[in-house]
Amino acid sequence: MRKNRQTGLKAIFILGFLTFFMAETKGQQAPNILVLIADDWGYPNAGVYGDNVVHTPNFDRIAKQGILFTKAFTTPSCSPSRASLLTGQWPHQLEEGVHLKGFLNKKFPNYVELLAEQGYVTGHTKKGWGPGTYQLGGYEHNPSGPRYPDFESFFKNIADDQPFCFWFGSHDPHRPYKEGSGVKSGKSIADVKVPAFLPDNAVVRSDILDYYDEIERFDSDVGKILLILEAAGKLDNTLIVITGDNGMPFPRAKANLYDAGTRVPLAISWPARIKSGQLCPDFVGFIDLAPTFLAAADIQIPDAMVGTNLLPFMTGEKVVARRDKMFMERERHARVREGNVGYPSRAIRTNDFLYIRNFRPDRWPAGDPEFGSVRFGDIDKSPTKDYMMTHKDDSEVAPFFERAFMKRPVEELYDLRVDPDQLTNVVDVKRYAAVRRKLRKSLDRWMEETDDPRVDNGGDYLEDYPYQ
């Protein structure tokens, strides 16, 4: 009897020790999660994408060390874009989280919160989720984690065996800029490649160089964080994501469903698991990041997260279905229209086409021409905007002004095979009728499957959500 009791106690001791050992081992192996996100940094403004004017050595390093994505898309507005990243859901599924300056309800699973529950030390610096009032969603701190003055302050308190989850949210390259900073840094306006949706002149070129100057500052800050990790020997087991939250802050870019507003740089590395030198030409979105982080940490992905876990694809563990399209959406951005209404739109992007549906075409997509002291307020104030408004009647500027500022039809269709810059709407061209029907049907199906309030042209209650 006594022998059996001793044997039982020994078995319990061994089982307890193994459980403890396995927990410790799992804790040591769990990857750190580091998100480095720029504010208003659009594709393809990075050296590794072939932009020879802006210098992004640290982004390029992570891209070469891991995987570079060429078709990463998100919502063209800060708060809903960041909400989608945190929750793995489409913005229209997040109630008040669909808008800029709303709030994100804590009832929606958030990868940062889920990691914290499993022992991760979490934190953020500078711009986390937002702008908005996170307290209204039931959070005690920003949904991206408790606030720290910088990464170094956060990192020095992390024990060697503690996994961490950190969000570095730069304010760059958000406007305003120090006008002329790009030229003063030594760059030449002659080297700038002006996007086809903007007029090409010295004012716009200099403005783009100022934007580049702030991208480089973001990249420099990224480099400092990488040095801290490298010095601590933590780089190999850290899953690093570098991206921007929406497109560049120029007319017809940010706050628009064209590529210039929704397509963003994205590179991911995790030397311990992800093979270096990979290039991904498939469609991915911010909805895919939260489930990927949880899978990397071996945490069950909530059913509410509709994004795709990218880990099997990135690690080569198994072939996963390739996504051949991406959906985008837009609701209210800034308070720039009478009645505080937005410009609700949805879009589907394939390799060959971009189809957009504008649900309220009677409204101004860039904001009301006059709203208090603000004109066309969904376009950030800038030298480029001022120039286009001042010269809108000039023959060389008028077409650009029309596309960026004026009202748009219910439907837009762009053939990217011949019009990659999405300048010519072919929705009424007869030979595109079949394509139009197919994309419209696919967009309708997605909206129905994801319970989009705008199905059947509804959803006006979304406009009643507060703008804090």
# chains A, B, ... in the order shown; residues from 1 in each chain; ligands from 1

call {"tool": "residues_around", "arguments": {"residues": "Arg337 of chain A", "least_positions_apart": "4", "cutoff": "12 Å", "atoms": "only C-alpha atoms", "output": "VMD selection string"}}
result
chain A and resid 332 to 333 341 to 343 362 to 378 463

call {"tool": "write_last_selection", "arguments": {"atoms": "C-alpha atoms", "output": "tab-separated table (two decimals), in the first residue's frame"}}
result
chain	number	residue	atom	x	y	z
A	332	ARG	CA	-16.81	57.98	-43.09
A	333	HIS	CA	-13.28	59.34	-42.96
A	341	VAL	CA	-22.04	61.68	-43.39
A	342	GLY	CA	-19.38	59.67	-45.17
A	343	TYR	CA	-18.81	58.39	-48.66
A	362	ASP	CA	-24.73	62.44	-54.90
A	363	ARG	CA	-22.11	63.22	-52.23
A	364	TRP	CA	-18.65	64.65	-52.76
A	365	PRO	CA	-16.00	61.90	-52.46
A	366	ALA	CA	-13.36	64.36	-51.26
A	367	GLY	CA	-15.70	66.14	-48.82
A	368	ASP	CA	-17.97	69.12	-49.38
A	369	PRO	CA	-16.44	71.95	-51.45
A	370	GLU	CA	-17.20	74.25	-48.52
A	371	PHE	CA	-17.60	72.90	-45.00
A	372	GLY	CA	-16.91	75.64	-42.51
A	373	SER	CA	-13.33	76.71	-43.14
A	374	VAL	CA	-12.46	73.37	-44.76
A	375	ARG	CA	-12.63	72.64	-48.48
A	376	PHE	CA	-12.68	69.05	-49.74
A	377	GLY	CA	-11.55	67.93	-46.30
A	378	ASP	CA	-11.07	64.22	-46.99
A	463	GLU	CA	-23.77	57.38	-40.26

call {"tool": "select_by_dssp", "arguments": {"residues": "segment 235-468 of chain A", "states": "helix (DSSP H, G or I)", "output": "PyMOL selection string"}}
result
chain A and resi 259-262+286-296+311-315+383-390+398-405+430-449+455-457+460-464

call {"tool": "closest_residue", "arguments": {"among": "A:Asp393, A:Asp386, A:Asp221, A:Asp324", "to": "Leu36 of chain A", "atoms": "only C-alpha atoms"}}
result
A:Asp221

call {"tool": "closest_atom_pairs", "arguments": {"of": "segment 222-339 of chain A", "to": "segment 139-161 of chain A", "cutoff": "12 Å", "atoms": "only C-alpha atoms", "output": "CSV"}}
result
residue,atom,partner,partner_atom,distance
A:Val222,CA,A:Phe151,CA,10.2
A:Gly223,CA,A:Phe151,CA,11.8
A:Lys224,CA,A:Phe151,CA,9.3
A:Ile225,CA,A:Phe151,CA,6.9
A:Leu226,CA,A:Phe151,CA,10.3
A:Leu227,CA,A:Glu152,CA,10.6
A:Ile228,CA,A:Glu152,CA,7.5
A:Leu229,CA,A:Phe155,CA,8.8
A:Ala231,CA,A:Phe155,CA,11.9
A:Ala232,CA,A:Asp160,CA,9.3
A:Gly233,CA,A:Asp160,CA,10.0
A:Lys234,CA,A:Asp160,CA,9.1
A:Asn237,CA,A:Asp161,CA,11.8
A:Ala290,CA,A:Ser144,CA,11.7

call {"tool": "residues_around", "arguments": {"residues": "Ala297 of chain A", "least_positions_apart": "4", "cutoff": "7 Å", "atoms": "only C-alpha atoms", "output": "PDB file with N, CA and C atoms, in the first residue's frame"}}
result
ATOM      1  N   ALA A  30       7.944  30.378 -27.904  1.00  0.00           N
ATOM      2  CA  ALA A  30       6.910  31.251 -28.452  1.00  0.00           C
ATOM      3  C   ALA A  30       7.568  32.486 -29.059  1.00  0.00           C
ATOM      4  N   PRO A  31       7.198  32.842 -30.278  1.00  0.00           N
ATOM      5  CA  PRO A  31       7.861  33.981 -30.917  1.00  0.00           C
ATOM      6  C   PRO A  31       7.396  35.312 -30.342  1.00  0.00           C
ATOM      7  N   PHE A 293      -0.580  35.883 -36.454  1.00  0.00           N
ATOM      8  CA  PHE A 293       0.128  36.054 -35.185  1.00  0.00           C
ATOM      9  C   PHE A 293      -0.294  34.991 -34.176  1.00  0.00           C
TER      10      PHE A 293
END

call {"tool": "residues_around", "arguments": {"residues": "Glu96 of chain A", "least_positions_apart": "4", "cutoff": "8 Å", "atoms": "only C-alpha atoms", "output": "ChimeraX atom specification"}}
result
/A:102-105,462,465-466

call {"tool": "write_last_selection", "arguments": {"atoms": "C-alpha atoms", "output": "PDB file, in the first residue's frame"}}
result
ATOM      1  CA  GLY A 102     -15.079  56.109 -33.562  1.00  0.00           C
ATOM      2  CA  PHE A 103     -14.183  53.339 -31.142  1.00  0.00           C
ATOM      3  CA  LEU A 104     -13.339  49.647 -31.188  1.00  0.00           C
ATOM      4  CA  ASN A 105     -15.545  47.535 -28.950  1.00  0.00           C
ATOM      5  CA  LEU A 462     -23.718  53.602 -39.809  1.00  0.00           C
ATOM      6  CA  TYR A 465     -22.222  56.314 -35.094  1.00  0.00           C
ATOM      7  CA  PRO A 466     -20.405  59.055 -33.164  1.00  0.00           C
TER       8      PRO A 466
END

call {"tool": "closest_atom_pairs", "arguments": {"of": "segment 247-288 of chain A", "to": "segment 417-426 of chain A", "cutoff": "9 Å", "atoms": "only C-alpha atoms", "output": "Markdown table"}}
result
| residue | atom | partner | partner_atom | distance |
| --- | --- | --- | --- | --- |
| A:Tyr258 | CA | A:Gln422 | CA | 7.1 |
| A:Asp259 | CA | A:Asp421 | CA | 8.0 |
| A:Ala260 | CA | A:Asp421 | CA | 8.5 |

call {"tool": "select_by_dssp", "arguments": {"residues": "segment 253-397 of chain A", "states": "strand (DSSP E)", "output": "number ranges by chain"}}
result
A: 263-269, 278-285, 325-330, 345-350, 353-358

call {"tool": "atom_distance", "arguments": {"atom1": "atom CA of Ser345 of chain A", "atom2": "atom CA of Asp245 of chain A"}}
result
18.3 Å

call {"tool": "residues_around", "arguments": {"residues": "Val192 of chain A", "least_positions_apart": "6", "cutoff": "12 Å", "atoms": "only C-alpha atoms", "output": "mmCIF file with N, CA and C atoms, in the first residue's frame"}}
result
data_model
loop_
_atom_site.group_PDB
_atom_site.id
_atom_site.type_symbol
_atom_site.label_atom_id
_atom_site.label_comp_id
_atom_site.auth_asym_id
_atom_site.auth_seq_id
_atom_site.Cartn_x
_atom_site.Cartn_y
_atom_site.Cartn_z
ATOM 1 N N ASN A 45 6.426 52.831 -52.443
ATOM 2 C CA ASN A 45 7.471 53.771 -52.043
ATOM 3 C C ASN A 45 8.456 53.162 -51.059
ATOM 4 N N ASP A 51 11.727 51.706 -56.071
ATOM 5 C CA ASP A 51 11.757 53.164 -55.972
ATOM 6 C C ASP A 51 13.189 53.569 -55.628
ATOM 7 N N ASN A 52 13.851 54.199 -56.553
ATOM 8 C CA ASN A 52 15.267 54.520 -56.388
ATOM 9 C C ASN A 52 15.524 55.863 -55.716
ATOM 10 N N VAL A 53 14.464 56.587 -55.362
ATOM 11 C CA VAL A 53 14.645 57.911 -54.754
ATOM 12 C C VAL A 53 14.551 57.820 -53.232
ATOM 13 N N VAL A 54 13.570 57.100 -52.735
ATOM 14 C CA VAL A 54 13.428 56.939 -51.286
ATOM 15 C C VAL A 54 14.326 55.785 -50.820
ATOM 16 N N GLY A 182 12.544 67.582 -48.187
ATOM 17 C CA GLY A 182 13.081 66.581 -49.093
ATOM 18 C C GLY A 182 14.210 67.106 -49.937
ATOM 19 N N VAL A 183 14.024 68.311 -50.469
ATOM 20 C CA VAL A 183 15.074 68.937 -51.278
ATOM 21 C C VAL A 183 16.290 69.241 -50.406
ATOM 22 N N ASP A 200 2.274 66.745 -62.995
ATOM 23 C CA ASP A 200 3.733 66.681 -62.864
ATOM 24 C C ASP A 200 4.322 68.084 -62.960
ATOM 25 N N ASN A 201 4.720 68.621 -61.815
ATOM 26 C CA ASN A 201 5.362 69.936 -61.786
ATOM 27 C C ASN A 201 6.253 70.018 -60.547
ATOM 28 N N ALA A 202 6.957 71.127 -60.407
ATOM 29 C CA ALA A 202 7.925 71.273 -59.331
ATOM 30 C C ALA A 202 7.274 71.235 -57.951
ATOM 31 N N VAL A 203 6.059 71.774 -57.836
ATOM 32 C CA VAL A 203 5.371 71.794 -56.541
ATOM 33 C C VAL A 203 5.073 70.372 -56.083
ATOM 34 N N VAL A 204 4.503 69.584 -56.962
ATOM 35 C CA VAL A 204 4.142 68.210 -56.618
ATOM 36 C C VAL A 204 5.396 67.371 -56.367
ATOM 37 N N ARG A 205 6.409 67.553 -57.193
ATOM 38 C CA ARG A 205 7.646 66.796 -57.020
ATOM 39 C C ARG A 205 8.299 67.088 -55.669
ATOM 40 N N SER A 206 8.334 68.345 -55.299
ATOM 41 C CA SER A 206 8.926 68.710 -54.008
ATOM 42 C C SER A 206 8.099 68.143 -52.852
ATOM 43 N N ASP A 207 6.772 68.150 -53.006
ATOM 44 C CA ASP A 207 5.878 67.606 -51.979
ATOM 45 C C ASP A 207 6.118 66.104 -51.807
ATOM 46 N N ILE A 208 6.323 65.407 -52.904
ATOM 47 C CA ILE A 208 6.611 63.970 -52.835
ATOM 48 C C ILE A 208 7.948 63.722 -52.141
ATOM 49 N N LEU A 209 8.931 64.585 -52.389
ATOM 50 C CA LEU A 209 10.213 64.436 -51.710
ATOM 51 C C LEU A 209 10.076 64.645 -50.204
ATOM 52 N N ASP A 210 9.198 65.560 -49.789
ATOM 53 C CA ASP A 210 8.948 65.745 -48.353
ATOM 54 C C ASP A 210 8.332 64.476 -47.749
ATOM 55 N N TYR A 211 7.430 63.874 -48.502
ATOM 56 C CA TYR A 211 6.826 62.594 -48.094
ATOM 57 C C TYR A 211 7.910 61.526 -47.969
ATOM 58 N N TYR A 212 8.817 61.468 -48.925
ATOM 59 C CA TYR A 212 9.923 60.516 -48.881
ATOM 60 C C TYR A 212 10.814 60.743 -47.656
#

call {"tool": "residues_around", "arguments": {"residues": "Pro409 of chain A", "least_positions_apart": "4", "cutoff": "10 Å", "atoms": "only C-alpha atoms", "output": "JSON list (two decimals) with C-alpha atoms, in the first residue's frame"}}
result
[["chain", "number", "residue", "atom", "x", "y", "z"],
["A", 356, "ILE", "CA", -15.85, 50.12, -57.28],
["A", 357, "ARG", "CA", -19.42, 50.76, -56.19],
["A", 358, "ASN", "CA", -20.23, 54.17, -54.72],
["A", 359, "PHE", "CA", -23.45, 53.91, -52.73],
["A", 360, "ARG", "CA", -24.09, 57.65, -52.37],
["A", 361, "PRO", "CA", -22.85, 59.22, -55.63],
["A", 362, "ASP", "CA", -24.73, 62.44, -54.90],
["A", 425, "ASN", "CA", -13.48, 54.37, -66.11],
["A", 427, "VAL", "CA", -17.82, 50.68, -66.77]]

call {"tool": "closest_residue", "arguments": {"among": "A:Asp213, A:Ala434, A:Val306, A:Ser170", "to": "Phe108 of chain A", "atoms": "only C-alpha atoms"}}
result
A:Val306

call {"tool": "residues_around", "arguments": {"residues": "Ile242 of chain A", "least_positions_apart": "5", "cutoff": "10 Å", "atoms": "only C-alpha atoms", "output": "PyMOL selection string"}}
result
chain A and resi 34-38+58-60+62-63+68+168+219+222+265-269

call {"tool": "write_last_selection", "arguments": {"atoms": "C-alpha atoms", "output": "mmCIF file, in the first residue's frame"}}
result
data_model
loop_
_atom_site.group_PDB
_atom_site.id
_atom_site.type_symbol
_atom_site.label_atom_id
_atom_site.label_comp_id
_atom_site.auth_asym_id
_atom_site.auth_seq_id
_atom_site.Cartn_x
_atom_site.Cartn_y
_atom_site.Cartn_z
ATOM 1 C CA LEU A 34 6.635 43.047 -33.450
ATOM 2 C CA VAL A 35 4.455 45.274 -35.624
ATOM 3 C CA LEU A 36 6.144 48.337 -37.110
ATOM 4 C CA ILE A 37 3.487 50.447 -38.804
ATOM 5 C CA ALA A 38 3.892 53.738 -40.630
ATOM 6 C CA ASN A 58 15.714 48.522 -42.898
ATOM 7 C CA PHE A 59 12.436 47.677 -44.613
ATOM 8 C CA ASP A 60 14.477 46.213 -47.467
ATOM 9 C CA ILE A 62 13.368 42.576 -43.434
ATOM 10 C CA ALA A 63 11.953 41.922 -46.904
ATOM 11 C CA LEU A 68 8.009 40.599 -49.432
ATOM 12 C CA PHE A 168 5.530 50.643 -32.911
ATOM 13 C CA ASP A 219 12.737 53.504 -41.648
ATOM 14 C CA VAL A 222 12.775 50.827 -37.457
ATOM 15 C CA PRO A 265 4.103 47.978 -48.407
ATOM 16 C CA LEU A 266 4.346 44.759 -46.409
ATOM 17 C CA ALA A 267 7.321 42.651 -45.363
ATOM 18 C CA ILE A 268 7.373 39.868 -42.768
ATOM 19 C CA SER A 269 10.339 38.037 -41.281
#

call {"tool": "closest_residue", "arguments": {"among": "A:Ile33, A:Ala404, A:Ile299, A:Lys64", "to": "Gly277 of chain A", "atoms": "only C-alpha atoms"}}
result
A:Lys64

call {"tool": "closest_residue", "arguments": {"among": "A:Leu354, A:Ala83, A:Met389, A:Val48", "to": "Glu411 of chain A", "atoms": "only C-alpha atoms"}}
result
A:Leu354

call {"tool": "atom_distance", "arguments": {"atom1": "atom CA of Ala116 of chain A", "atom2": "atom CA of Cys165 of chain A"}}
result
8.2 Å

call {"tool": "atom_distance", "arguments": {"atom1": "atom CA of Glu338 of chain A", "atom2": "atom CA of Arg82 of chain A"}}
result
26.4 Å

call {"tool": "closest_residue", "arguments": {"among": "A:Asn457, A:Asn309, A:Ser442, A:Thr243", "to": "Ile348 of chain A", "atoms": "only C-alpha atoms"}}
result
A:Ser442
